[in-house]
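**Q** The structure's right below; bear with me while I get my questions together.
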Amino acid sequence: MPSTHDPNVLPADLPVPEDDGAARHLAGMRLPSLSLAATDGAEVDLAKLAGRTVVYIYPRTGRPGVPLPDGWDAIPGARGCTPQSCSFRDHFAQLKSLGVARLFGLSTQDTEYQREAVDRLHLPFAILSDAGLRFARALRLPTFEVAGMTLLKRMVLIIDDGVIAKAFYPVFPPDESAAVVVEWLRSSR
């Protein structure tokens with residue numbers, strides 16, 4: 001029986017994801033032009049956005065009290081989507097002050113599911129849906145399978161005028177993801 005959980009709390013014994021090389025090709029890549037549905041009702045084409053955009057990519061947001069897929073906590077890098085989202089929420093103003101024009105989360109969950117998380121977590125930015133995996137396939141993003149779902153492995157992309165300037169992968173621990181991005185932005189000025 002899957003366990004219920006509090007998505008805000010990270011277990012102390014989570015397995016650490018290893019760099020399998022699946023994101024090495026991303027830095028310097030020009031994004032393909034394709035629209036992604038956003039939780040604010042917009043259609044966003046990351047390739048056409050001017051300036052600096054940060055996109056944190058995560059497997060799936062859980063809901064309090066709803067069971068996790070079997071074995072979820074044993075999958076390196078799977079657990080921690082809510083703490084990662086909260087870390088970007090808490091660093092939002094700092095990211096903006098460091099020149100980030102836009103911040104998005106991105107998962108393969110549908111927009112309706114994502115809206116609940118945006119509301120519950122009070123996120124000041126939209127989440128993008130790649131439910132059809134078009135973005136993931138076009139960029140050859142690393143994925144994994146669990147409970148009949150194809151999910152994205154956790155990473156962060158820094159995108160400048162439609163070109164990936166930096167890919168953080170793997171990301172661990174997820175609740176420190178935004179702080180790592182802030183530090184990189186400071187040091188790369």
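We name chains A, B, ... following the order of the structure tokens; residues begin at 1 in each chain, and ligands are numbered from 1 as shown.
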Run DSSP on the backbone and grab whatever in segment 56-187 of chain A lands in strand (DSSP E or B); send it over as an MDAnalysis selection string.

**A** chainID A and resid 56:57 100:107 127:129 143:146 149:152 155:160 163:168

**Q** For those residues, write N, CA and C atoms to a file as an mmCIF file, in the first residue's frame.

**A**
```cif
data_model
loop_
_atom_site.group_PDB
_atom_site.id
_atom_site.type_symbol
_atom_site.label_atom_id
_atom_site.label_comp_id
_atom_site.auth_asym_id
_atom_site.auth_seq_id
_atom_site.Cartn_x
_atom_site.Cartn_y
_atom_site.Cartn_z
ATOM 1 N N TYR A 56 12.664 25.741 -13.613
ATOM 2 C CA TYR A 56 13.016 24.567 -12.821
ATOM 3 C C TYR A 56 12.062 23.448 -13.222
ATOM 4 N N ILE A 57 12.630 22.303 -13.505
ATOM 5 C CA ILE A 57 11.899 21.149 -14.020
ATOM 6 C C ILE A 57 11.867 20.096 -12.920
ATOM 7 N N VAL A 100 16.711 38.069 -13.480
ATOM 8 C CA VAL A 100 15.819 37.059 -14.049
ATOM 9 C C VAL A 100 14.507 37.750 -14.426
ATOM 10 N N ALA A 101 14.195 37.748 -15.724
ATOM 11 C CA ALA A 101 12.969 38.404 -16.202
ATOM 12 C C ALA A 101 11.734 37.560 -15.899
ATOM 13 N N ARG A 102 11.885 36.225 -16.020
ATOM 14 C CA ARG A 102 10.761 35.317 -15.801
ATOM 15 C C ARG A 102 11.247 34.038 -15.122
ATOM 16 N N LEU A 103 10.367 33.476 -14.287
ATOM 17 C CA LEU A 103 10.618 32.209 -13.607
ATOM 18 C C LEU A 103 9.419 31.320 -13.835
ATOM 19 N N PHE A 104 9.677 30.071 -14.200
ATOM 20 C CA PHE A 104 8.612 29.085 -14.375
ATOM 21 C C PHE A 104 9.038 27.767 -13.743
ATOM 22 N N GLY A 105 8.064 27.018 -13.249
ATOM 23 C CA GLY A 105 8.250 25.605 -12.973
ATOM 24 C C GLY A 105 7.745 24.854 -14.190
ATOM 25 N N LEU A 106 8.131 23.601 -14.349
ATOM 26 C CA LEU A 106 7.672 22.799 -15.481
ATOM 27 C C LEU A 106 7.624 21.336 -15.068
ATOM 28 N N SER A 107 6.482 20.687 -15.355
ATOM 29 C CA SER A 107 6.343 19.249 -15.117
ATOM 30 C C SER A 107 5.455 18.668 -16.212
ATOM 31 N N ILE A 127 3.359 27.775 -13.562
ATOM 32 C CA ILE A 127 3.932 26.461 -13.839
ATOM 33 C C ILE A 127 3.517 26.094 -15.258
ATOM 34 N N LEU A 128 4.441 25.532 -16.019
ATOM 35 C CA LEU A 128 4.186 25.124 -17.401
ATOM 36 C C LEU A 128 3.942 23.624 -17.463
ATOM 37 N N SER A 129 3.021 23.220 -18.335
ATOM 38 C CA SER A 129 2.703 21.801 -18.500
ATOM 39 C C SER A 129 3.294 21.258 -19.795
ATOM 40 N N THR A 143 14.290 11.462 -18.474
ATOM 41 C CA THR A 143 13.003 11.083 -17.887
ATOM 42 C C THR A 143 13.162 9.775 -17.126
ATOM 43 N N PHE A 144 12.116 9.407 -16.402
ATOM 44 C CA PHE A 144 12.044 8.094 -15.777
ATOM 45 C C PHE A 144 10.580 7.665 -15.762
ATOM 46 N N GLU A 145 10.363 6.370 -15.589
ATOM 47 C CA GLU A 145 9.012 5.795 -15.598
ATOM 48 C C GLU A 145 8.671 5.286 -14.201
ATOM 49 N N VAL A 146 7.442 5.563 -13.786
ATOM 50 C CA VAL A 146 6.942 5.026 -12.527
ATOM 51 C C VAL A 146 5.419 5.024 -12.592
ATOM 52 N N MET A 149 3.603 6.354 -15.539
ATOM 53 C CA MET A 149 3.837 7.755 -15.904
ATOM 54 C C MET A 149 5.264 7.938 -16.406
ATOM 55 N N THR A 150 5.437 8.774 -17.415
ATOM 56 C CA THR A 150 6.766 9.221 -17.821
ATOM 57 C C THR A 150 6.961 10.593 -17.200
ATOM 58 N N LEU A 151 7.967 10.705 -16.345
ATOM 59 C CA LEU A 151 8.214 11.935 -15.598
ATOM 60 C C LEU A 151 9.597 12.487 -15.914
ATOM 61 N N LEU A 152 9.736 13.782 -15.774
ATOM 62 C CA LEU A 152 11.011 14.459 -16.017
ATOM 63 C C LEU A 152 11.898 14.368 -14.788
ATOM 64 N N MET A 155 15.805 19.215 -12.817
ATOM 65 C CA MET A 155 16.900 20.055 -13.302
ATOM 66 C C MET A 155 16.453 21.505 -13.308
ATOM 67 N N VAL A 156 17.389 22.412 -13.548
ATOM 68 C CA VAL A 156 17.076 23.830 -13.704
ATOM 69 C C VAL A 156 17.790 24.322 -14.954
ATOM 70 N N LEU A 157 17.059 25.064 -15.790
ATOM 71 C CA LEU A 157 17.631 25.660 -16.997
ATOM 72 C C LEU A 157 17.664 27.176 -16.847
ATOM 73 N N ILE A 158 18.815 27.764 -17.160
ATOM 74 C CA ILE A 158 18.940 29.218 -17.282
ATOM 75 C C ILE A 158 18.916 29.487 -18.779
ATOM 76 N N ILE A 159 17.946 30.255 -19.232
ATOM 77 C CA ILE A 159 17.741 30.491 -20.665
ATOM 78 C C ILE A 159 17.907 31.981 -20.950
ATOM 79 N N ASP A 160 18.804 32.306 -21.861
ATOM 80 C CA ASP A 160 19.018 33.686 -22.275
ATOM 81 C C ASP A 160 18.584 33.844 -23.723
ATOM 82 N N VAL A 163 18.213 30.618 -25.641
ATOM 83 C CA VAL A 163 19.352 29.702 -25.665
ATOM 84 C C VAL A 163 19.678 29.289 -24.232
ATOM 85 N N ILE A 164 19.879 27.995 -24.017
ATOM 86 C CA ILE A 164 20.203 27.498 -22.673
ATOM 87 C C ILE A 164 21.634 27.884 -22.332
ATOM 88 N N ALA A 165 21.772 28.757 -21.332
ATOM 89 C CA ALA A 165 23.093 29.216 -20.893
ATOM 90 C C ALA A 165 23.696 28.261 -19.869
ATOM 91 N N LYS A 166 22.839 27.619 -19.078
ATOM 92 C CA LYS A 166 23.318 26.741 -18.008
ATOM 93 C C LYS A 166 22.226 25.725 -17.686
ATOM 94 N N ALA A 167 22.638 24.479 -17.471
ATOM 95 C CA ALA A 167 21.722 23.431 -17.022
ATOM 96 C C ALA A 167 22.267 22.862 -15.718
ATOM 97 N N PHE A 168 21.488 22.957 -14.659
ATOM 98 C CA PHE A 168 21.854 22.357 -13.375
ATOM 99 C C PHE A 168 21.238 20.964 -13.338
#
```

**Q** Just asking: which residues within chain A are alpha helix (DSSP H) according to DSSP, as a PyMOL selection string?

**A** chain A and resi 81-90+92-97+111-121+134-139+177-187

**Q** Restricting it to N, CA and C atoms, dump the selection as a compact mmCIF listing (two decimals), in the first residue's frame.

**A**
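Resulting contents of result24.txt:
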```txt
# COMPACT_ATOMS: atom_id res chain seq x y z
N CYS A 81 9.53 17.86 -4.87
CA CYS A 81 9.00 18.85 -5.81
C CYS A 81 8.38 20.04 -5.08
N THR A 82 7.64 19.79 -4.00
CA THR A 82 7.05 20.88 -3.24
C THR A 82 8.12 21.72 -2.57
N PRO A 83 9.12 21.13 -1.87
CA PRO A 83 10.18 21.96 -1.30
C PRO A 83 10.97 22.75 -2.36
N GLN A 84 11.15 22.17 -3.56
CA GLN A 84 11.85 22.90 -4.61
C GLN A 84 11.01 24.10 -5.05
N SER A 85 9.72 23.89 -5.27
CA SER A 85 8.84 25.00 -5.66
C SER A 85 8.83 26.09 -4.60
N CYS A 86 8.76 25.68 -3.34
CA CYS A 86 8.77 26.66 -2.24
C CYS A 86 10.09 27.41 -2.18
N SER A 87 11.20 26.74 -2.50
CA SER A 87 12.50 27.44 -2.49
C SER A 87 12.53 28.51 -3.57
N PHE A 88 11.96 28.23 -4.74
CA PHE A 88 11.91 29.26 -5.78
C PHE A 88 10.93 30.37 -5.41
N ARG A 89 9.84 30.03 -4.77
CA ARG A 89 8.91 31.06 -4.27
C ARG A 89 9.63 31.99 -3.29
N ASP A 90 10.37 31.39 -2.35
CA ASP A 90 11.03 32.17 -1.31
C ASP A 90 12.21 32.99 -1.83
N PHE A 92 12.15 34.28 -5.00
CA PHE A 92 11.63 34.95 -6.20
C PHE A 92 12.15 36.39 -6.33
N ALA A 93 12.02 37.18 -5.29
CA ALA A 93 12.46 38.59 -5.34
C ALA A 93 13.97 38.68 -5.59
N GLN A 94 14.72 37.80 -4.96
CA GLN A 94 16.17 37.79 -5.14
C GLN A 94 16.55 37.44 -6.58
N LEU A 95 15.87 36.46 -7.17
CA LEU A 95 16.11 36.09 -8.56
C LEU A 95 15.83 37.28 -9.48
N LYS A 96 14.71 37.97 -9.25
CA LYS A 96 14.36 39.14 -10.05
C LYS A 96 15.45 40.22 -9.93
N SER A 97 15.95 40.43 -8.71
CA SER A 97 16.97 41.46 -8.49
C SER A 97 18.29 41.10 -9.18
N THR A 111 -2.29 21.10 -16.58
CA THR A 111 -2.41 22.46 -16.03
C THR A 111 -3.39 22.52 -14.86
N GLU A 112 -4.49 21.82 -14.95
CA GLU A 112 -5.47 21.84 -13.87
C GLU A 112 -4.86 21.32 -12.57
N TYR A 113 -4.12 20.22 -12.65
CA TYR A 113 -3.45 19.67 -11.47
C TYR A 113 -2.43 20.68 -10.93
N GLN A 114 -1.67 21.29 -11.84
CA GLN A 114 -0.64 22.25 -11.44
C GLN A 114 -1.25 23.49 -10.78
N ARG A 115 -2.42 23.93 -11.22
CA ARG A 115 -3.06 25.12 -10.64
C ARG A 115 -3.31 24.93 -9.15
N GLU A 116 -3.69 23.71 -8.75
CA GLU A 116 -3.92 23.45 -7.32
C GLU A 116 -2.64 23.71 -6.53
N ALA A 117 -1.51 23.26 -7.06
CA ALA A 117 -0.23 23.47 -6.37
C ALA A 117 0.14 24.95 -6.33
N VAL A 118 -0.06 25.66 -7.41
CA VAL A 118 0.24 27.10 -7.45
C VAL A 118 -0.57 27.83 -6.38
N ASP A 119 -1.85 27.49 -6.28
CA ASP A 119 -2.71 28.13 -5.28
C ASP A 119 -2.32 27.72 -3.85
N ARG A 120 -2.14 26.43 -3.63
CA ARG A 120 -1.83 25.92 -2.28
C ARG A 120 -0.50 26.45 -1.78
N LEU A 121 0.50 26.55 -2.67
CA LEU A 121 1.85 26.96 -2.27
C LEU A 121 2.07 28.47 -2.42
N ARG A 134 6.17 16.99 -25.44
CA ARG A 134 6.75 17.58 -26.66
C ARG A 134 8.05 18.32 -26.36
N PHE A 135 8.06 19.11 -25.29
CA PHE A 135 9.26 19.85 -24.89
C PHE A 135 10.36 18.87 -24.49
N ALA A 136 9.99 17.88 -23.67
CA ALA A 136 10.97 16.89 -23.21
C ALA A 136 11.61 16.14 -24.38
N ARG A 137 10.82 15.75 -25.34
CA ARG A 137 11.36 15.01 -26.49
C ARG A 137 12.21 15.91 -27.38
N ALA A 138 11.76 17.14 -27.60
CA ALA A 138 12.50 18.06 -28.46
C ALA A 138 13.88 18.38 -27.89
N LEU A 139 13.99 18.45 -26.56
CA LEU A 139 15.26 18.76 -25.91
C LEU A 139 16.02 17.50 -25.47
N SER A 177 17.71 24.16 -4.28
CA SER A 177 17.85 24.42 -5.71
C SER A 177 17.90 25.91 -6.03
N ALA A 178 16.97 26.69 -5.51
CA ALA A 178 16.93 28.13 -5.80
C ALA A 178 18.16 28.84 -5.27
N ALA A 179 18.63 28.46 -4.08
CA ALA A 179 19.82 29.09 -3.51
C ALA A 179 21.05 28.83 -4.39
N VAL A 180 21.14 27.64 -4.97
CA VAL A 180 22.26 27.31 -5.88
C VAL A 180 22.18 28.18 -7.13
N VAL A 181 20.99 28.37 -7.65
CA VAL A 181 20.80 29.23 -8.83
C VAL A 181 21.18 30.68 -8.49
N VAL A 182 20.73 31.16 -7.34
CA VAL A 182 21.07 32.52 -6.91
C VAL A 182 22.59 32.68 -6.84
N GLU A 183 23.27 31.72 -6.25
CA GLU A 183 24.73 31.80 -6.13
C GLU A 183 25.39 31.81 -7.51
N TRP A 184 24.91 30.98 -8.44
CA TRP A 184 25.46 30.96 -9.80
C TRP A 184 25.24 32.30 -10.48
N LEU A 185 24.04 32.88 -10.34
CA LEU A 185 23.75 34.17 -10.95
C LEU A 185 24.67 35.25 -10.40
N ARG A 186 24.89 35.24 -9.09
CA ARG A 186 25.80 36.22 -8.48
C ARG A 186 27.22 36.08 -9.01
N SER A 187 27.70 34.85 -9.08
CA SER A 187 29.10 34.61 -9.48
C SER A 187 29.31 34.79 -10.98
```

**Q** For a quick check of understanding, using only C-alpha atoms, which of A:Asp161, A:His91, A:Arg63, A:Pro124 has the smallest distance to Val9 of chain A?

**A**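 For Val9 of chain A, the nearest of the candidates is A:Arg63.
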
**Q** Show me, as a CSV table (one decimal) with N, CA and C atoms, in the first residue's frame, the residues that have an atom within 9 Å of Lys48 of chain A when counting only C-alpha atoms, minus same-chain residues fewer than 5 positions from it.

**A**
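Output file selection-v4.csv follows:
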```
chain,number,residue,atom,x,y,z
A,31,LEU,N,16.4,26.7,-28.0
A,31,LEU,CA,15.2,26.0,-27.7
A,31,LEU,C,14.3,26.0,-29.0
A,33,SER,N,10.8,26.2,-31.0
A,33,SER,CA,9.6,27.0,-30.8
A,33,SER,C,8.4,26.1,-30.6
A,161,ASP,N,17.5,34.6,-23.9
A,161,ASP,CA,17.0,34.9,-25.3
A,161,ASP,C,16.8,33.6,-26.1
A,162,GLY,N,16.3,32.6,-25.5
A,162,GLY,CA,15.9,31.3,-26.2
A,162,GLY,C,17.1,30.3,-26.3
```

**Q** Name the residues in contact with Arg24 of chain A at a cut-off of 9 Å, using only C-alpha atoms, excluding same-chain residues fewer than 2 positions from it; report them as a list in words.

**A**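 Those residues are Gly21, Ala22, Leu26, Ala27, Ala167 and Tyr169 of chain A.
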
**Q** Can you work out the spacing between atom CA of Pro76 of chain A and atom CA of Pro59 of chain A in Å, to one decimal?

**A**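 So the answer is 11.3 Å.
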
**Q** Which is closest to Thr39 of chain A among A:Val171, A:Ala12, A:Ala126, A:Ile75, if we use only C-alpha atoms?

**A**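 Of A:Val171, A:Ala12, A:Ala126, A:Ile75, the one nearest Thr39 of chain A, counting only C-alpha atoms, is A:Ala126.
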
**Q** Of the residues A:Val55, A:Asp130, A:Leu10, A:Ala23, which is the one nearest to Pro142 of chain A, using only C-alpha atoms?

**A**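 Using only C-alpha atoms, Pro142 of chain A sits closest to A:Ala23.
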
**Q** What gap, in Å, lies between atom CA of Ala38 of chain A and atom CA of Gly80 of chain A?

**A** 21.2 Å
